[in-house]
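This is start.cif. It holds mmCIF, C-alpha atoms.
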data_data
loop_
_atom_site.group_PDB
_atom_site.id
_atom_site.type_symbol
_atom_site.label_atom_id
_atom_site.label_comp_id
_atom_site.auth_asym_id
_atom_site.auth_seq_id
_atom_site.Cartn_x
_atom_site.Cartn_y
_atom_site.Cartn_z
ATOM 1 C CA MET A 1 102.063 134.420 124.416
ATOM 2 C CA ALA A 2 101.759 131.360 126.656
ATOM 3 C CA LYS A 3 103.324 128.107 125.469
ATOM 4 C CA VAL A 4 102.759 124.506 126.533
ATOM 5 C CA THR A 5 105.758 122.156 126.894
ATOM 6 C CA TRP A 6 105.496 118.719 125.282
ATOM 7 C CA LYS A 7 107.882 115.775 125.377
ATOM 8 C CA PRO A 8 110.495 115.599 122.564
ATOM 9 C CA GLY A 9 109.045 114.908 119.124
ATOM 10 C CA THR A 10 109.739 115.264 115.407
ATOM 11 C CA LEU A 11 107.911 118.577 115.099
ATOM 12 C CA MET A 12 110.311 120.477 112.864
ATOM 13 C CA ALA A 13 108.321 121.873 109.954
ATOM 14 C CA PRO A 14 107.985 122.460 107.096
ATOM 15 C CA LEU A 15 110.311 119.971 105.466
ATOM 16 C CA PRO A 16 110.924 119.067 101.838
ATOM 17 C CA ALA A 17 109.176 115.908 100.691
ATOM 18 C CA VAL A 18 111.768 114.552 98.260
ATOM 19 C CA LEU A 19 111.945 111.431 96.150
ATOM 20 C CA VAL A 20 115.205 109.570 96.621
ATOM 21 C CA SER A 21 116.174 107.316 93.739
ATOM 22 C CA CYS A 22 118.784 104.605 94.132
ATOM 23 C CA GLY A 23 120.113 101.484 92.441
ATOM 24 C CA THR A 24 120.842 101.545 88.721
ATOM 25 C CA MET A 25 119.057 102.416 85.497
ATOM 26 C CA GLU A 26 118.326 98.711 85.011
ATOM 27 C CA LYS A 27 117.213 98.049 88.584
ATOM 28 C CA ALA A 28 116.114 101.218 90.349
ATOM 29 C CA ASN A 29 113.952 102.116 93.302
ATOM 30 C CA VAL A 30 112.493 105.364 94.582
ATOM 31 C CA PHE A 31 111.184 106.279 98.022
ATOM 32 C CA THR A 32 109.978 109.389 99.832
ATOM 33 C CA VAL A 33 112.127 111.116 102.447
ATOM 34 C CA ALA A 34 111.336 114.145 104.591
ATOM 35 C CA TRP A 35 114.279 113.894 106.992
ATOM 36 C CA THR A 36 116.761 115.670 104.726
ATOM 37 C CA GLY A 37 118.645 118.938 104.428
ATOM 38 C CA ILE A 38 121.813 120.810 103.485
ATOM 39 C CA ILE A 39 124.640 120.590 106.043
ATOM 40 C CA ASN A 40 127.597 122.269 104.297
ATOM 41 C CA THR A 41 128.377 124.655 101.439
ATOM 42 C CA HIS A 42 131.938 123.852 100.291
ATOM 43 C CA PRO A 43 132.007 121.002 99.580
ATOM 44 C CA THR A 44 128.247 120.889 99.089
ATOM 45 C CA MET A 45 126.931 118.261 101.486
ATOM 46 C CA LEU A 46 123.522 117.062 102.586
ATOM 47 C CA TYR A 47 121.974 114.163 104.440
ATOM 48 C CA ILE A 48 119.045 111.783 104.374
ATOM 49 C CA SER A 49 117.947 109.803 107.428
ATOM 50 C CA VAL A 50 116.608 106.340 106.611
ATOM 51 C CA ARG A 51 115.254 103.504 108.727
ATOM 52 C CA PRO A 52 117.407 100.366 108.281
ATOM 53 C CA SER A 53 114.214 98.383 107.707
ATOM 54 C CA ARG A 54 113.426 100.218 104.478
ATOM 55 C CA HIS A 55 114.081 98.426 101.202
ATOM 56 C CA SER A 56 116.261 101.239 99.841
ATOM 57 C CA TYR A 57 118.515 101.307 102.900
ATOM 58 C CA GLU A 58 120.639 98.340 101.801
ATOM 59 C CA ILE A 59 120.726 99.549 98.200
ATOM 60 C CA ILE A 60 122.196 102.884 99.282
ATOM 61 C CA ARG A 61 124.525 101.321 101.854
ATOM 62 C CA ARG A 62 125.993 98.968 99.242
ATOM 63 C CA SER A 63 126.204 101.424 96.343
ATOM 64 C CA GLY A 64 127.141 104.537 98.333
ATOM 65 C CA GLU A 65 125.065 106.647 95.957
ATOM 66 C CA PHE A 66 121.615 108.158 95.592
ATOM 67 C CA VAL A 67 119.772 111.033 93.923
ATOM 68 C CA ILE A 68 117.504 113.518 95.679
ATOM 69 C CA ASN A 69 114.683 114.597 93.374
ATOM 70 C CA LEU A 70 112.704 117.676 94.406
ATOM 71 C CA THR A 71 108.940 117.300 94.097
ATOM 72 C CA THR A 72 106.056 119.490 92.965
ATOM 73 C CA SER A 73 102.421 119.811 93.980
ATOM 74 C CA ALA A 74 101.451 117.954 90.814
ATOM 75 C CA MET A 75 103.455 114.960 92.069
ATOM 76 C CA ALA A 76 101.858 114.860 95.550
ATOM 77 C CA HIS A 77 99.820 111.668 95.079
ATOM 78 C CA SER A 78 102.830 109.761 93.723
ATOM 79 C CA VAL A 79 105.119 111.155 96.415
ATOM 80 C CA ASP A 80 102.787 109.824 99.103
ATOM 81 C CA PHE A 81 102.541 106.446 97.357
ATOM 82 C CA CYS A 82 106.326 106.133 97.231
ATOM 83 C CA GLY A 83 106.442 106.766 100.978
ATOM 84 C CA VAL A 84 103.965 104.079 102.017
ATOM 85 C CA ARG A 85 104.683 101.276 99.537
ATOM 86 C CA SER A 86 107.825 99.142 99.543
ATOM 87 C CA GLY A 87 110.015 98.734 96.503
ATOM 88 C CA SER A 88 110.455 95.100 97.478
ATOM 89 C CA LYS A 89 106.834 94.451 96.497
ATOM 90 C CA VAL A 90 106.066 96.921 93.714
ATOM 91 C CA ASP A 91 107.930 98.805 90.997
ATOM 92 C CA LYS A 92 107.039 102.293 92.222
ATOM 93 C CA ILE A 93 108.701 104.050 89.293
ATOM 94 C CA GLU A 94 106.526 102.165 86.813
ATOM 95 C CA LYS A 95 103.419 102.354 89.006
ATOM 96 C CA CYS A 96 103.672 106.147 89.292
ATOM 97 C CA GLY A 97 104.472 106.641 85.628
ATOM 98 C CA PHE A 98 107.852 108.184 86.357
ATOM 99 C CA HIS A 99 110.591 108.245 83.753
ATOM 100 C CA LYS A 100 114.256 107.571 84.478
ATOM 101 C CA GLU A 101 117.191 109.525 83.097
ATOM 102 C CA LYS A 102 120.845 108.580 83.322
ATOM 103 C CA ALA A 103 122.684 110.675 85.900
ATOM 104 C CA SER A 104 126.024 112.263 85.020
ATOM 105 C CA LYS A 105 128.095 111.255 88.068
ATOM 106 C CA VAL A 106 126.288 108.363 89.798
ATOM 107 C CA GLU A 107 124.673 105.084 88.750
ATOM 108 C CA ALA A 108 121.340 105.872 90.416
ATOM 109 C CA PRO A 109 118.838 107.365 87.947
ATOM 110 C CA VAL A 110 117.348 110.853 87.903
ATOM 111 C CA ILE A 111 113.546 111.148 87.936
ATOM 112 C CA SER A 112 112.547 113.118 84.822
ATOM 113 C CA GLU A 113 109.412 114.584 86.407
ATOM 114 C CA SER A 114 111.462 116.312 89.108
ATOM 115 C CA PRO A 115 112.374 119.954 88.340
ATOM 116 C CA LEU A 116 115.749 119.591 90.059
ATOM 117 C CA SER A 117 117.791 116.573 91.091
ATOM 118 C CA LEU A 118 120.934 116.351 93.217
ATOM 119 C CA GLU A 119 123.341 113.497 92.525
ATOM 120 C CA CYS A 120 124.972 112.369 95.764
ATOM 121 C CA LYS A 121 127.813 110.146 96.947
ATOM 122 C CA VAL A 122 127.808 108.900 100.534
ATOM 123 C CA ILE A 123 130.863 109.825 102.596
ATOM 124 C CA GLU A 124 129.697 108.738 106.060
ATOM 125 C CA VAL A 125 126.906 106.812 107.761
ATOM 126 C CA LYS A 126 125.890 107.718 111.309
ATOM 127 C CA HIS A 127 123.878 105.234 113.363
ATOM 128 C CA LEU A 128 121.523 107.358 115.430
ATOM 129 C CA GLY A 129 118.748 105.069 116.704
ATOM 130 C CA THR A 130 115.570 104.576 114.710
ATOM 131 C CA HIS A 131 117.305 106.035 111.644
ATOM 132 C CA ASP A 132 120.760 106.007 110.103
ATOM 133 C CA MET A 133 121.995 109.266 108.605
ATOM 134 C CA PHE A 134 123.663 109.073 105.207
ATOM 135 C CA ILE A 135 125.922 112.102 104.907
ATOM 136 C CA ALA A 136 126.693 112.693 101.259
ATOM 137 C CA GLU A 137 128.463 115.090 98.923
ATOM 138 C CA VAL A 138 126.503 116.587 96.046
ATOM 139 C CA VAL A 139 128.530 115.769 92.934
ATOM 140 C CA ALA A 140 126.152 117.138 90.289
ATOM 141 C CA VAL A 141 122.842 118.992 89.959
ATOM 142 C CA ASP A 142 120.395 118.328 87.111
ATOM 143 C CA ILE A 143 117.921 121.139 86.376
ATOM 144 C CA GLU A 144 114.972 121.284 84.011
ATOM 145 C CA GLU A 145 115.890 123.884 81.403
ATOM 146 C CA ARG A 146 112.613 125.807 81.529
ATOM 147 C CA TYR A 147 113.427 127.030 85.042
ATOM 148 C CA ILE A 148 116.643 128.728 83.891
ATOM 149 C CA ASP A 149 116.120 132.160 82.338
ATOM 150 C CA SER A 150 118.132 133.850 79.559
ATOM 151 C CA LYS A 151 120.546 135.280 82.148
ATOM 152 C CA GLY A 152 121.275 131.864 83.624
ATOM 153 C CA LYS A 153 119.277 132.487 86.816
ATOM 154 C CA LEU A 154 117.423 129.588 88.400
ATOM 155 C CA ASN A 155 113.716 130.372 88.919
ATOM 156 C CA LEU A 156 112.728 127.334 90.951
ATOM 157 C CA GLN A 157 109.798 129.202 92.521
ATOM 158 C CA GLN A 158 107.970 128.625 89.236
ATOM 159 C CA ALA A 159 108.071 124.850 89.699
ATOM 160 C CA GLY A 160 105.302 124.686 92.333
ATOM 161 C CA LEU A 161 107.375 122.856 94.928
ATOM 162 C CA MET A 162 105.685 121.018 97.777
ATOM 163 C CA ALA A 163 106.498 120.643 101.470
ATOM 164 C CA TYR A 164 105.686 118.221 104.290
ATOM 165 C CA SER A 165 104.447 119.254 107.724
ATOM 166 C CA HIS A 166 103.271 116.937 110.529
ATOM 167 C CA GLY A 167 101.935 114.197 108.256
ATOM 168 C CA GLU A 168 100.452 116.534 105.650
ATOM 169 C CA TYR A 169 101.573 117.852 102.265
ATOM 170 C CA PHE A 170 101.414 121.530 101.310
ATOM 171 C CA SER A 171 102.028 123.589 98.213
ATOM 172 C CA LEU A 172 104.520 126.396 98.785
ATOM 173 C CA GLY A 173 102.806 129.782 98.883
ATOM 174 C CA ARG A 174 103.575 133.302 97.780
ATOM 175 C CA LYS A 175 107.040 134.834 97.915
ATOM 176 C CA LEU A 176 107.669 136.971 101.017
ATOM 177 C CA GLY A 177 111.174 138.174 100.245
ATOM 178 C CA GLU A 178 114.601 136.955 99.250
ATOM 179 C CA PHE A 179 117.850 136.278 101.075
ATOM 180 C CA GLY A 180 119.272 139.510 102.523
ATOM 181 C CA TYR A 181 116.305 141.725 101.655
ATOM 182 C CA SER A 182 115.904 142.811 105.295
ATOM 183 C CA VAL A 183 119.250 144.637 105.287
ATOM 184 C CA ARG A 184 119.453 145.698 101.663
ATOM 185 C CA LYS A 185 119.648 149.440 101.107
ATOM 186 C CA LYS A 186 116.715 150.893 99.278
ATOM 187 C CA PRO A 187 117.580 152.704 96.032
ATOM 188 C CA SER A 188 117.623 156.471 96.501
ATOM 189 C CA LYS A 189 114.866 158.403 94.797
ATOM 190 C CA LYS A 190 116.241 161.119 92.528
ATOM 191 C CA LYS A 191 114.201 164.288 92.630
ATOM 192 C CA THR A 192 112.834 165.000 89.177
ATOM 193 C CA LYS A 193 112.377 168.591 88.070
ATOM 194 C CA SER A 194 108.881 169.641 87.108
ATOM 195 C CA VAL A 195 108.060 171.653 83.988
ATOM 196 C CA LYS A 196 107.173 174.599 86.291
ATOM 197 C CA ASP A 197 110.668 174.539 87.906
ATOM 198 C CA ILE A 198 112.360 174.535 84.507
ATOM 199 C CA LYS A 199 110.323 177.534 83.273
ATOM 200 C CA GLN A 200 111.086 179.529 86.437
ATOM 201 C CA LYS A 201 114.851 179.042 85.953
ATOM 202 C CA SER A 202 114.806 179.889 82.246
#

When written as structure tokens, how does the structure in this file appear?
Amino acid sequence: MAKVTWKPGTLMAPLPAVLVSCGTMEKANVFTVAWTGIINTHPTMLYISVRPSRHSYEIIRRSGEFVINLTTSAMAHSVDFCGVRSGSKVDKIEKCGFHKEKASKVEAPVISESPLSLECKVIEVKHLGTHDMFIAEVVAVDIEERYIDSKGKLNLQQAGLMAYSHGEYFSLGRKLGEFGYSVRKKPSKKKTKSVKDIKQKS
């Protein structure tokens, strides 16, 4: 099919719309980030890209810590609010009715309403232009118990996660497959003997 070439733009989609909490339990802030992702497995590392003009930028730069809180469709209105309002002017955690929980490895709080939170420690800051990239190691993961089944498997698809695409928020849709399903061997079908076959042999 024919394609039209545009000038470079931030058109990667979809992206996670996460809430990043920073500061301390006593003085915390939360803001929305879409420029984020995993960059390494062992050690587990990820990044967030933040404009230096944002209120949380200096908090994270000074503390070297933050928490990424995954978001759900039910949180969409609050997630948008936390992306367009500054923590220097309003207590967004209180305004949105969020609850803070003490993290296990960092001083920044975990947002209780998030189904899964990743505690992070910054190991490098890259100055890229409009944004600075905070590269961080994940030092702990906090998961809501109801998404872990009796076998210890994480069923995060039940949380109703949301995504961000070109200025709009979307609820994740139906499951299409799982990692590696395209090359997985199908179980062989064992031929079952009919009652007629058994009678003929007896």

Discussion item. Can you translate the PyMOL selection byres ((chain A and resi 147) around 9) into the concrete residues it hits in this file, as number ranges by chain?
Written reply: A: 115, 143-146, 148-149, 153-159

Worksheet item: For Ala103 (chain A), which residue out of A:Phe134, A:Tyr47, A:Phe179, A:Phe66 is the nearest one, using only C-alpha atoms?
Response: A:Phe66

Worksheet entry | Selected residue of minimal separation from Val79 (chain A) among A:Met133, A:Ala2, A:Leu19, A:Ala34, counting all atoms listed in the file |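 Between A:Met133, A:Ala2, A:Leu19, A:Ala34, the residue approaching Val79 (chain A) most closely is A:Leu19.
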
Item to complete: Select, from A:Glu124, A:Glu178, A:Asp91, A:Glu119, the residue with the minimum atom-to-atom distance to Phe31 (chain A), counting all atoms listed in the file.
Response: A:Asp91

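Excluding region 57-60 of chain A and any residue on its chain fewer than 6 positions from it, the residues at most 7 Å away by only C-alpha atoms are Cys22, Gly23, Val50 and Phe66 of chain A.
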
Practice prompt. Name the residues that the PyMOL selection byres ((chain A and resi 108) around 9) pulls out of this structure, and write them as a count of residues only.
Written response: 19

Item to complete: Carefully work through the PyMOL selection byres ((chain A and resi 142) around 6) for this structure and note down the residues it includes, as a PyMOL selection string.
Response: chain A and resi 116-117+141+143

Since the input lacks some atoms of region 54-66 of chain A, please model N, CA and C atoms and print them as a PDB file, in the frame of the given file.
ATOM      1  N   ARG A  54     113.950  99.860 105.791  1.00  0.00           N
ATOM      2  CA  ARG A  54     113.426 100.218 104.478  1.00  0.00           C
ATOM      3  C   ARG A  54     114.207  99.517 103.363  1.00  0.00           C
ATOM      4  N   HIS A  55     113.491  99.175 102.313  1.00  0.00           N
ATOM      5  CA  HIS A  55     114.081  98.426 101.202  1.00  0.00           C
ATOM      6  C   HIS A  55     115.276  99.151 100.590  1.00  0.00           C
ATOM      7  N   SER A  56     115.197 100.466 100.491  1.00  0.00           N
ATOM      8  CA  SER A  56     116.261 101.239  99.841  1.00  0.00           C
ATOM      9  C   SER A  56     117.505 101.383 100.704  1.00  0.00           C
ATOM     10  N   TYR A  57     117.380 101.126 101.994  1.00  0.00           N
ATOM     11  CA  TYR A  57     118.515 101.307 102.900  1.00  0.00           C
ATOM     12  C   TYR A  57     119.729 100.495 102.443  1.00  0.00           C
ATOM     13  N   GLU A  58     119.523  99.203 102.197  1.00  0.00           N
ATOM     14  CA  GLU A  58     120.639  98.340 101.801  1.00  0.00           C
ATOM     15  C   GLU A  58     121.172  98.707 100.430  1.00  0.00           C
ATOM     16  N   ILE A  59     120.290  99.152  99.542  1.00  0.00           N
ATOM     17  CA  ILE A  59     120.726  99.549  98.200  1.00  0.00           C
ATOM     18  C   ILE A  59     121.704 100.716  98.302  1.00  0.00           C
ATOM     19  N   ILE A  60     121.346 101.705  99.115  1.00  0.00           N
ATOM     20  CA  ILE A  60     122.196 102.884  99.282  1.00  0.00           C
ATOM     21  C   ILE A  60     123.472 102.537 100.047  1.00  0.00           C
ATOM     22  N   ARG A  61     123.353 101.695 101.063  1.00  0.00           N
ATOM     23  CA  ARG A  61     124.525 101.321 101.854  1.00  0.00           C
ATOM     24  C   ARG A  61     125.550 100.598 100.994  1.00  0.00           C
ATOM     25  N   ARG A  62     125.077  99.728 100.101  1.00  0.00           N
ATOM     26  CA  ARG A  62     125.993  98.968  99.242  1.00  0.00           C
ATOM     27  C   ARG A  62     126.586  99.827  98.115  1.00  0.00           C
ATOM     28  N   SER A  63     125.748 100.640  97.497  1.00  0.00           N
ATOM     29  CA  SER A  63     126.204 101.424  96.343  1.00  0.00           C
ATOM     30  C   SER A  63     126.935 102.701  96.743  1.00  0.00           C
ATOM     31  N   GLY A  64     126.545 103.280  97.890  1.00  0.00           N
ATOM     32  CA  GLY A  64     127.141 104.537  98.333  1.00  0.00           C
ATOM     33  C   GLY A  64     126.712 105.719  97.491  1.00  0.00           C
ATOM     34  N   GLU A  65     125.554 105.585  96.829  1.00  0.00           N
ATOM     35  CA  GLU A  65     125.065 106.647  95.957  1.00  0.00           C
ATOM     36  C   GLU A  65     123.548 106.761  96.038  1.00  0.00           C
ATOM     37  N   PHE A  66     123.052 107.949  95.737  1.00  0.00           N
ATOM     38  CA  PHE A  66     121.615 108.158  95.592  1.00  0.00           C
ATOM     39  C   PHE A  66     121.384 109.508  94.936  1.00  0.00           C
TER      40      PHE A  66
END
